[in-house]
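Novice: Just one file: final.pdb, with PDB, C-alpha atoms, pLDDT in the B column.
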ATOM      1  CA  MET A   1     -83.845  90.014 -48.803  1.00 45.00           C
ATOM      2  CA  LYS A   2     -80.085  90.104 -49.449  1.00 44.00           C
ATOM      3  CA  LYS A   3     -80.571  87.912 -52.524  1.00 44.00           C
ATOM      4  CA  LEU A   4     -82.887  90.532 -54.040  1.00 41.00           C
ATOM      5  CA  ILE A   5     -80.216  93.222 -53.727  1.00 41.00           C
ATOM      6  CA  VAL A   6     -77.332  91.062 -54.907  1.00 39.00           C
ATOM      7  CA  LEU A   7     -79.065  89.877 -58.090  1.00 37.00           C
ATOM      8  CA  PRO A   8     -79.648  93.386 -59.549  1.00 40.00           C
ATOM      9  CA  LEU A   9     -76.054  94.353 -58.701  1.00 37.00           C
ATOM     10  CA  PHE A  10     -74.743  91.208 -60.375  1.00 37.00           C
ATOM     11  CA  LEU A  11     -76.840  91.871 -63.492  1.00 37.00           C
ATOM     12  CA  PHE A  12     -75.677  95.507 -63.609  1.00 37.00           C
ATOM     13  CA  PHE A  13     -71.983  94.601 -63.434  1.00 37.00           C
ATOM     14  CA  ALA A  14     -72.369  91.681 -65.838  1.00 39.00           C
ATOM     15  CA  PHE A  15     -74.042  93.958 -68.393  1.00 38.00           C
ATOM     16  CA  ALA A  16     -71.515  96.775 -67.875  1.00 40.00           C
ATOM     17  CA  CYS A  17     -68.584  94.392 -68.375  1.00 41.00           C
ATOM     18  CA  SER A  18     -70.077  92.729 -71.463  1.00 40.00           C
ATOM     19  CA  SER A  19     -70.939  96.147 -72.937  1.00 43.00           C
ATOM     20  CA  SER A  20     -67.367  97.385 -72.408  1.00 47.00           C
ATOM     21  CA  THR A  21     -65.938  94.198 -73.891  1.00 53.00           C
ATOM     22  CA  ARG A  22     -68.229  94.484 -76.931  1.00 55.00           C
ATOM     23  CA  VAL A  23     -67.075  98.080 -77.568  1.00 61.00           C
ATOM     24  CA  GLU A  24     -63.411  97.041 -77.393  1.00 65.00           C
ATOM     25  CA  GLU A  25     -64.029  94.107 -79.764  1.00 65.00           C
ATOM     26  CA  GLU A  26     -65.814  96.399 -82.251  1.00 69.00           C
ATOM     27  CA  ARG A  27     -62.984  98.967 -82.053  1.00 75.00           C
ATOM     28  CA  SER A  28     -60.390  96.205 -82.560  1.00 81.00           C
ATOM     29  CA  GLU A  29     -62.318  94.833 -85.564  1.00 86.00           C
ATOM     30  CA  LYS A  30     -62.501  98.319 -87.098  1.00 88.00           C
ATOM     31  CA  ASN A  31     -58.798  98.987 -86.522  1.00 88.00           C
ATOM     32  CA  GLU A  32     -57.837  95.649 -88.067  1.00 92.00           C
ATOM     33  CA  PHE A  33     -60.041  96.290 -91.105  1.00 94.00           C
ATOM     34  CA  PHE A  34     -58.618  99.768 -91.830  1.00 94.00           C
ATOM     35  CA  GLU A  35     -54.969  98.867 -91.037  1.00 94.00           C
ATOM     36  CA  ASN A  36     -55.054  96.460 -93.978  1.00 91.00           C
ATOM     37  CA  ALA A  37     -57.446  98.422 -96.226  1.00 95.00           C
ATOM     38  CA  ASP A  38     -56.768 100.404 -99.364  1.00 96.00           C
ATOM     39  CA  THR A  39     -57.909 103.960 -98.647  1.00 97.00           C
ATOM     40  CA  VAL A  40     -60.693 105.300-100.847  1.00 97.00           C
ATOM     41  CA  GLU A  41     -61.030 109.016-101.562  1.00 97.00           C
ATOM     42  CA  PHE A  42     -64.525 110.411-101.013  1.00 97.00           C
ATOM     43  CA  GLU A  43     -66.257 113.744-101.425  1.00 97.00           C
ATOM     44  CA  THR A  44     -68.598 115.258 -98.855  1.00 96.00           C
ATOM     45  CA  ILE A  45     -71.858 116.340-100.471  1.00 95.00           C
ATOM     46  CA  SER A  46     -73.574 117.623 -97.325  1.00 92.00           C
ATOM     47  CA  GLN A  47     -73.039 117.470 -93.584  1.00 90.00           C
ATOM     48  CA  THR A  48     -74.753 119.021 -90.627  1.00 84.00           C
ATOM     49  CA  LEU A  49     -72.461 120.653 -88.150  1.00 64.00           C
ATOM     50  CA  GLY A  50     -74.310 119.707 -85.009  1.00 48.00           C
ATOM     51  CA  TYR A  51     -77.473 121.711 -85.297  1.00 49.00           C
ATOM     52  CA  SER A  52     -79.614 120.883 -88.291  1.00 52.00           C
ATOM     53  CA  THR A  53     -83.225 121.646 -87.477  1.00 53.00           C
ATOM     54  CA  SER A  54     -84.246 120.531 -90.927  1.00 53.00           C
ATOM     55  CA  GLY A  55     -85.343 117.047 -91.547  1.00 53.00           C
ATOM     56  CA  SER A  56     -88.125 114.626 -91.660  1.00 56.00           C
ATOM     57  CA  THR A  57     -89.580 112.605 -88.850  1.00 57.00           C
ATOM     58  CA  SER A  58     -89.077 109.616 -91.140  1.00 65.00           C
ATOM     59  CA  PHE A  59     -85.443 109.692 -90.004  1.00 73.00           C
ATOM     60  CA  GLU A  60     -86.063 109.249 -86.277  1.00 78.00           C
ATOM     61  CA  GLU A  61     -83.603 106.343 -85.990  1.00 84.00           C
ATOM     62  CA  ASN A  62     -79.950 105.932 -86.981  1.00 89.00           C
ATOM     63  CA  GLN A  63     -79.630 104.860 -90.593  1.00 92.00           C
ATOM     64  CA  GLU A  64     -76.797 103.925 -92.915  1.00 96.00           C
ATOM     65  CA  LEU A  65     -77.830 104.233 -96.557  1.00 96.00           C
ATOM     66  CA  ILE A  66     -76.259 103.214 -99.842  1.00 97.00           C
ATOM     67  CA  ILE A  67     -77.881 105.127-102.681  1.00 97.00           C
ATOM     68  CA  GLU A  68     -77.263 104.026-106.253  1.00 97.00           C
ATOM     69  CA  THR A  69     -79.842 105.984-108.264  1.00 97.00           C
ATOM     70  CA  GLU A  70     -80.690 109.605-108.807  1.00 97.00           C
ATOM     71  CA  GLU A  71     -84.331 108.975-107.854  1.00 97.00           C
ATOM     72  CA  GLU A  72     -83.352 107.500-104.462  1.00 97.00           C
ATOM     73  CA  PHE A  73     -81.021 110.450-103.827  1.00 97.00           C
ATOM     74  CA  ILE A  74     -83.646 113.045-104.734  1.00 96.00           C
ATOM     75  CA  ASP A  75     -86.120 111.344-102.374  1.00 93.00           C
ATOM     76  CA  LEU A  76     -83.549 111.440 -99.552  1.00 93.00           C
ATOM     77  CA  TRP A  77     -82.624 115.070-100.237  1.00 92.00           C
ATOM     78  CA  VAL A  78     -86.248 116.224-100.294  1.00 90.00           C
ATOM     79  CA  ASP A  79     -86.999 114.348 -97.046  1.00 88.00           C
ATOM     80  CA  LEU A  80     -83.889 115.732 -95.333  1.00 87.00           C
ATOM     81  CA  HIS A  81     -84.835 119.307 -96.170  1.00 84.00           C
ATOM     82  CA  GLU A  82     -88.636 119.182 -96.029  1.00 82.00           C
ATOM     83  CA  GLN A  83     -88.785 121.749 -93.212  1.00 78.00           C
ATOM     84  CA  ARG A  84     -86.432 124.262 -94.824  1.00 78.00           C
ATOM     85  CA  SER A  85     -87.703 127.062 -96.961  1.00 82.00           C
ATOM     86  CA  PRO A  86     -86.302 127.485 -99.436  1.00 87.00           C
ATOM     87  CA  ALA A  87     -84.855 123.990 -99.593  1.00 82.00           C
ATOM     88  CA  PRO A  88     -81.309 123.794-100.951  1.00 88.00           C
ATOM     89  CA  ASP A  89     -80.909 122.640-104.533  1.00 93.00           C
ATOM     90  CA  VAL A  90     -80.319 118.941-105.037  1.00 95.00           C
ATOM     91  CA  PRO A  91     -76.593 118.410-105.714  1.00 95.00           C
ATOM     92  CA  GLU A  92     -75.715 116.807-109.021  1.00 96.00           C
ATOM     93  CA  ILE A  93     -74.254 113.326-108.659  1.00 97.00           C
ATOM     94  CA  ASP A  94     -72.738 111.319-111.518  1.00 97.00           C
ATOM     95  CA  PHE A  95     -74.514 108.023-110.804  1.00 97.00           C
ATOM     96  CA  ASP A  96     -72.772 106.431-113.798  1.00 97.00           C
ATOM     97  CA  ASN A  97     -69.505 106.632-111.830  1.00 98.00           C
ATOM     98  CA  GLU A  98     -70.441 107.274-108.186  1.00 97.00           C
ATOM     99  CA  ILE A  99     -72.703 106.067-105.416  1.00 97.00           C
ATOM    100  CA  VAL A 100     -73.856 107.972-102.361  1.00 98.00           C
ATOM    101  CA  ILE A 101     -73.270 106.898 -98.781  1.00 98.00           C
ATOM    102  CA  ALA A 102     -75.425 108.625 -96.161  1.00 97.00           C
ATOM    103  CA  VAL A 103     -75.280 108.208 -92.397  1.00 96.00           C
ATOM    104  CA  LEU A 104     -78.102 109.737 -90.384  1.00 94.00           C
ATOM    105  CA  MET A 105     -78.002 109.937 -86.612  1.00 91.00           C
ATOM    106  CA  GLY A 106     -81.755 110.254 -86.295  1.00 88.00           C
ATOM    107  CA  VAL A 107     -83.734 112.978 -84.572  1.00 86.00           C
ATOM    108  CA  GLN A 108     -82.050 114.180 -81.371  1.00 88.00           C
ATOM    109  CA  ASN A 109     -83.740 116.181 -78.602  1.00 86.00           C
ATOM    110  CA  THR A 110     -80.936 118.775 -78.426  1.00 88.00           C
ATOM    111  CA  GLY A 111     -77.953 120.084 -80.333  1.00 88.00           C
ATOM    112  CA  GLY A 112     -74.402 118.943 -79.744  1.00 89.00           C
ATOM    113  CA  TYR A 113     -74.680 115.739 -81.794  1.00 91.00           C
ATOM    114  CA  PHE A 114     -72.390 115.087 -84.771  1.00 91.00           C
ATOM    115  CA  THR A 115     -71.909 112.234 -87.207  1.00 93.00           C
ATOM    116  CA  THR A 116     -68.889 112.036 -89.462  1.00 96.00           C
ATOM    117  CA  ILE A 117     -67.656 109.557 -92.024  1.00 97.00           C
ATOM    118  CA  GLU A 118     -63.980 109.519 -91.119  1.00 97.00           C
ATOM    119  CA  GLU A 119     -62.621 106.991 -93.583  1.00 97.00           C
ATOM    120  CA  VAL A 120     -63.553 104.662 -96.419  1.00 98.00           C
ATOM    121  CA  GLY A 121     -61.441 101.670 -97.337  1.00 97.00           C
ATOM    122  CA  VAL A 122     -61.500  98.401 -99.267  1.00 98.00           C
ATOM    123  CA  ASN A 123     -60.273  95.208 -97.653  1.00 96.00           C
ATOM    124  CA  ASP A 124     -60.761  91.631 -98.825  1.00 95.00           C
ATOM    125  CA  GLY A 125     -63.676  92.425-101.157  1.00 97.00           C
ATOM    126  CA  VAL A 126     -65.523  94.643 -98.666  1.00 97.00           C
ATOM    127  CA  THR A 127     -65.994  98.417 -98.715  1.00 98.00           C
ATOM    128  CA  GLY A 128     -65.692  99.650 -95.128  1.00 97.00           C
ATOM    129  CA  ILE A 129     -67.128 102.944 -93.917  1.00 98.00           C
ATOM    130  CA  ASN A 130     -65.735 104.286 -90.628  1.00 97.00           C
ATOM    131  CA  VAL A 131     -68.329 106.476 -88.868  1.00 96.00           C
ATOM    132  CA  VAL A 132     -67.901 108.449 -85.641  1.00 95.00           C
ATOM    133  CA  GLU A 133     -71.029 109.586 -83.794  1.00 95.00           C
ATOM    134  CA  THR A 134     -70.496 112.189 -81.094  1.00 93.00           C
ATOM    135  CA  SER A 135     -73.017 113.144 -78.418  1.00 93.00           C
ATOM    136  CA  PRO A 136     -72.874 115.877 -75.778  1.00 93.00           C
ATOM    137  CA  GLY A 137     -71.997 114.925 -72.242  1.00 90.00           C
ATOM    138  CA  GLU A 138     -71.723 116.653 -68.892  1.00 87.00           C
ATOM    139  CA  GLY A 139     -71.170 120.399 -69.038  1.00 88.00           C
ATOM    140  CA  CYS A 140     -71.682 120.835 -72.791  1.00 90.00           C
ATOM    141  CA  THR A 141     -73.486 123.970 -73.940  1.00 90.00           C
ATOM    142  CA  ILE A 142     -76.134 122.874 -76.414  1.00 89.00           C
ATOM    143  CA  THR A 143     -79.121 124.264 -78.239  1.00 86.00           C
ATOM    144  CA  GLU A 144     -82.514 123.147 -76.936  1.00 87.00           C
ATOM    145  CA  ALA A 145     -84.007 122.211 -80.299  1.00 85.00           C
ATOM    146  CA  LEU A 146     -84.636 119.037 -82.227  1.00 83.00           C
ATOM    147  CA  THR A 147     -81.671 118.274 -84.467  1.00 84.00           C
ATOM    148  CA  MET A 148     -80.879 115.625 -87.054  1.00 88.00           C
ATOM    149  CA  PRO A 149     -77.154 115.159 -87.726  1.00 91.00           C
ATOM    150  CA  TYR A 150     -76.104 113.514 -90.969  1.00 93.00           C
ATOM    151  CA  HIS A 151     -73.159 113.146 -93.344  1.00 96.00           C
ATOM    152  CA  ILE A 152     -73.509 112.392 -97.057  1.00 97.00           C
ATOM    153  CA  ILE A 153     -70.590 111.463 -99.305  1.00 98.00           C
ATOM    154  CA  THR A 154     -69.929 110.061-102.760  1.00 98.00           C
ATOM    155  CA  ILE A 155     -67.541 107.214-103.519  1.00 98.00           C
ATOM    156  CA  PRO A 156     -66.591 105.541-106.812  1.00 98.00           C
ATOM    157  CA  ASP A 157     -69.145 102.967-107.983  1.00 96.00           C
ATOM    158  CA  ASP A 158     -66.476 100.439-108.983  1.00 96.00           C
ATOM    159  CA  LEU A 159     -65.787  99.393-105.362  1.00 97.00           C
ATOM    160  CA  PRO A 160     -66.968  96.065-103.914  1.00 96.00           C
ATOM    161  CA  ASP A 161     -70.750  95.890-103.461  1.00 95.00           C
ATOM    162  CA  GLU A 162     -70.476  94.435 -99.958  1.00 97.00           C
ATOM    163  CA  HIS A 163     -70.438  97.321 -97.449  1.00 97.00           C
ATOM    164  CA  GLU A 164     -69.673  97.276 -93.749  1.00 96.00           C
ATOM    165  CA  PHE A 165     -70.272 100.237 -91.472  1.00 97.00           C
ATOM    166  CA  PHE A 166     -67.997 100.571 -88.435  1.00 96.00           C
ATOM    167  CA  ILE A 167     -69.699 102.948 -86.000  1.00 94.00           C
ATOM    168  CA  GLU A 168     -67.885 104.371 -83.003  1.00 93.00           C
ATOM    169  CA  ARG A 169     -69.919 106.323 -80.458  1.00 93.00           C
ATOM    170  CA  ILE A 170     -68.187 109.024 -78.421  1.00 92.00           C
ATOM    171  CA  ARG A 171     -69.670 111.044 -75.562  1.00 93.00           C
ATOM    172  CA  LEU A 172     -68.047 114.425 -74.938  1.00 90.00           C
ATOM    173  CA  ASN A 173     -67.209 115.601 -71.443  1.00 86.00           C
ATOM    174  CA  CYS A 174     -67.248 119.377 -71.570  1.00 86.00           C
ATOM    175  CA  ASP A 175     -66.666 119.853 -67.837  1.00 80.00           C
ATOM    176  CA  ASP A 176     -62.924 119.530 -68.431  1.00 64.00           C
ATOM    177  CA  GLU A 177     -62.794 122.303 -71.065  1.00 52.00           C
ATOM    178  CA  GLU A 178     -61.830 125.806 -70.073  1.00 50.00           C
TER
END
Once you've parsed the file, please lay out its structure as structure tokens.
Specialist:
Amino acid sequence: MKKLIVLPLFLFFAFACSSSTRVEEERSEKNEFFENADTVEFETISQTLGYSTSGSTSFEENQELIIETEEEFIDLWVDLHEQRSPAPDVPEIDFDNEIVIAVLMGVQNTGGYFTTIEEVGVNDGVTGINVVETSPGEGCTITEALTMPYHIITIPDDLPDEHEFFIERIRLNCDDEE
């Protein structure tokens, strides 16, 4: 009987340690990339601020999108705002000189979720996109509605075509706030 208890505990701690190690390795890889990268200026086109109830169920999962044509962007924009009336006008993008980067956090069961593109850089022929996803933790006051956080930016189209997304996930602890 003791073997049955020990095995689940061993598996739990082994997974917890490997998960923690993986997060540290990812953070280290991101830091190394951006320490040596040339910073790229970007413009925010649209971003939810933690409580977008608009959106399509076609965006239930996290997605990182690179959009290079006006048609693709219009499709995304219409899908993102299908439940809003009136829907906001589609922003004009100069696709001769820019591409669109969109990060979508997927449909969340509550508010309090944010996704932000913090930094864009070029390093060794790769365009890196640094994304921070924040979720509510203990003690956070949140809306009880489906939300769909996203951040959409434009970057110059003359950057390297190889893209790498570095995603850091942060869980807030609101119990400590006063």
Novice: Please determine, counting all atoms listed in the file, which residue among A:Gln83, A:Asn31, A:Asn97, A:Thr147 has the shortest atom-to-atom distance to Thr115 of chain A.
Specialist: A:Thr147
Novice: Record the distance separating atom CA of Glu164 of chain A and atom CA of Ile117 of chain A, expressed in Å with one decimal.
Specialist: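 Atom CA of Ile117 of chain A lies 12.6 Å from atom CA of Glu164 of chain A.
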Novice: Within 12 Å of Glu29 of chain A, counting all atoms listed in the file, which residues show up once you throw out same-chain ones fewer than 6 positions away? Write them as a PDB file with C-alpha atoms, keeping the file's coordinate frame, please.
Specialist:
ATOM      1  CA  ARG A  22     -68.229  94.484 -76.931  1.00 55.00           C
ATOM      2  CA  VAL A  23     -67.075  98.080 -77.568  1.00 61.00           C
ATOM      3  CA  GLU A  35     -54.969  98.867 -91.037  1.00 94.00           C
ATOM      4  CA  ASN A  36     -55.054  96.460 -93.978  1.00 91.00           C
ATOM      5  CA  GLY A 128     -65.692  99.650 -95.128  1.00 97.00           C
ATOM      6  CA  ASN A 130     -65.735 104.286 -90.628  1.00 97.00           C
ATOM      7  CA  GLU A 164     -69.673  97.276 -93.749  1.00 96.00           C
ATOM      8  CA  PHE A 165     -70.272 100.237 -91.472  1.00 97.00           C
ATOM      9  CA  PHE A 166     -67.997 100.571 -88.435  1.00 96.00           C
ATOM     10  CA  ILE A 167     -69.699 102.948 -86.000  1.00 94.00           C
ATOM     11  CA  GLU A 168     -67.885 104.371 -83.003  1.00 93.00           C
TER      12      GLU A 168
END
Novice: Once you count all atoms listed in the file, which residues end up no further than 12 Å from (-73.4, 122.1, -66.6) in the file's frame, shown as a PyMOL selection string?
Specialist: chain A and resi 136-142+173-177
Novice: Enumerate, as a list in words, the residues matched when the PyMOL selection byres ((chain A and resi 42-45) around 9) is run on the file above.
Specialist: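 Residues picked by the PyMOL selection byres ((chain A and resi 42-45) around 9): Val40, Glu41, Ser46, Gln47, Pro91, Val100, Ile117, Glu119, Val120, His151, Ile152, Ile153, Thr154, Ile155 and Pro156 of chain A.
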Novice: Which protein, DNA or RNA residues are at most 10 Å from (-85.3, 110.1, -83.9) in the file's coordinates when you count all atoms listed in the file, listed as a list in words?
Specialist: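 Those residues lying close to the given coordinates are Ser56, Thr57, Ser58, Phe59, Glu60, Glu61, Asn62, Leu104, Met105, Gly106, Val107, Gln108, Asn109, Leu146, Thr147 and Met148 of chain A.
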Novice: Have a look at A:Thr69, A:Ser135, A:Thr127, A:Gln63 and name the one nearest to Ala102 of chain A; count all atoms listed in the file.
Specialist: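 Of A:Thr69, A:Ser135, A:Thr127, A:Gln63, the one nearest Ala102 of chain A is A:Gln63, counting all atoms listed in the file.
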Novice: Quick one: pull the distance between atom CA of Leu80 of chain A and atom CA of Asp161 of chain A, Å, one decimal.
Specialist: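 These two atoms are separated by 25.1 Å.
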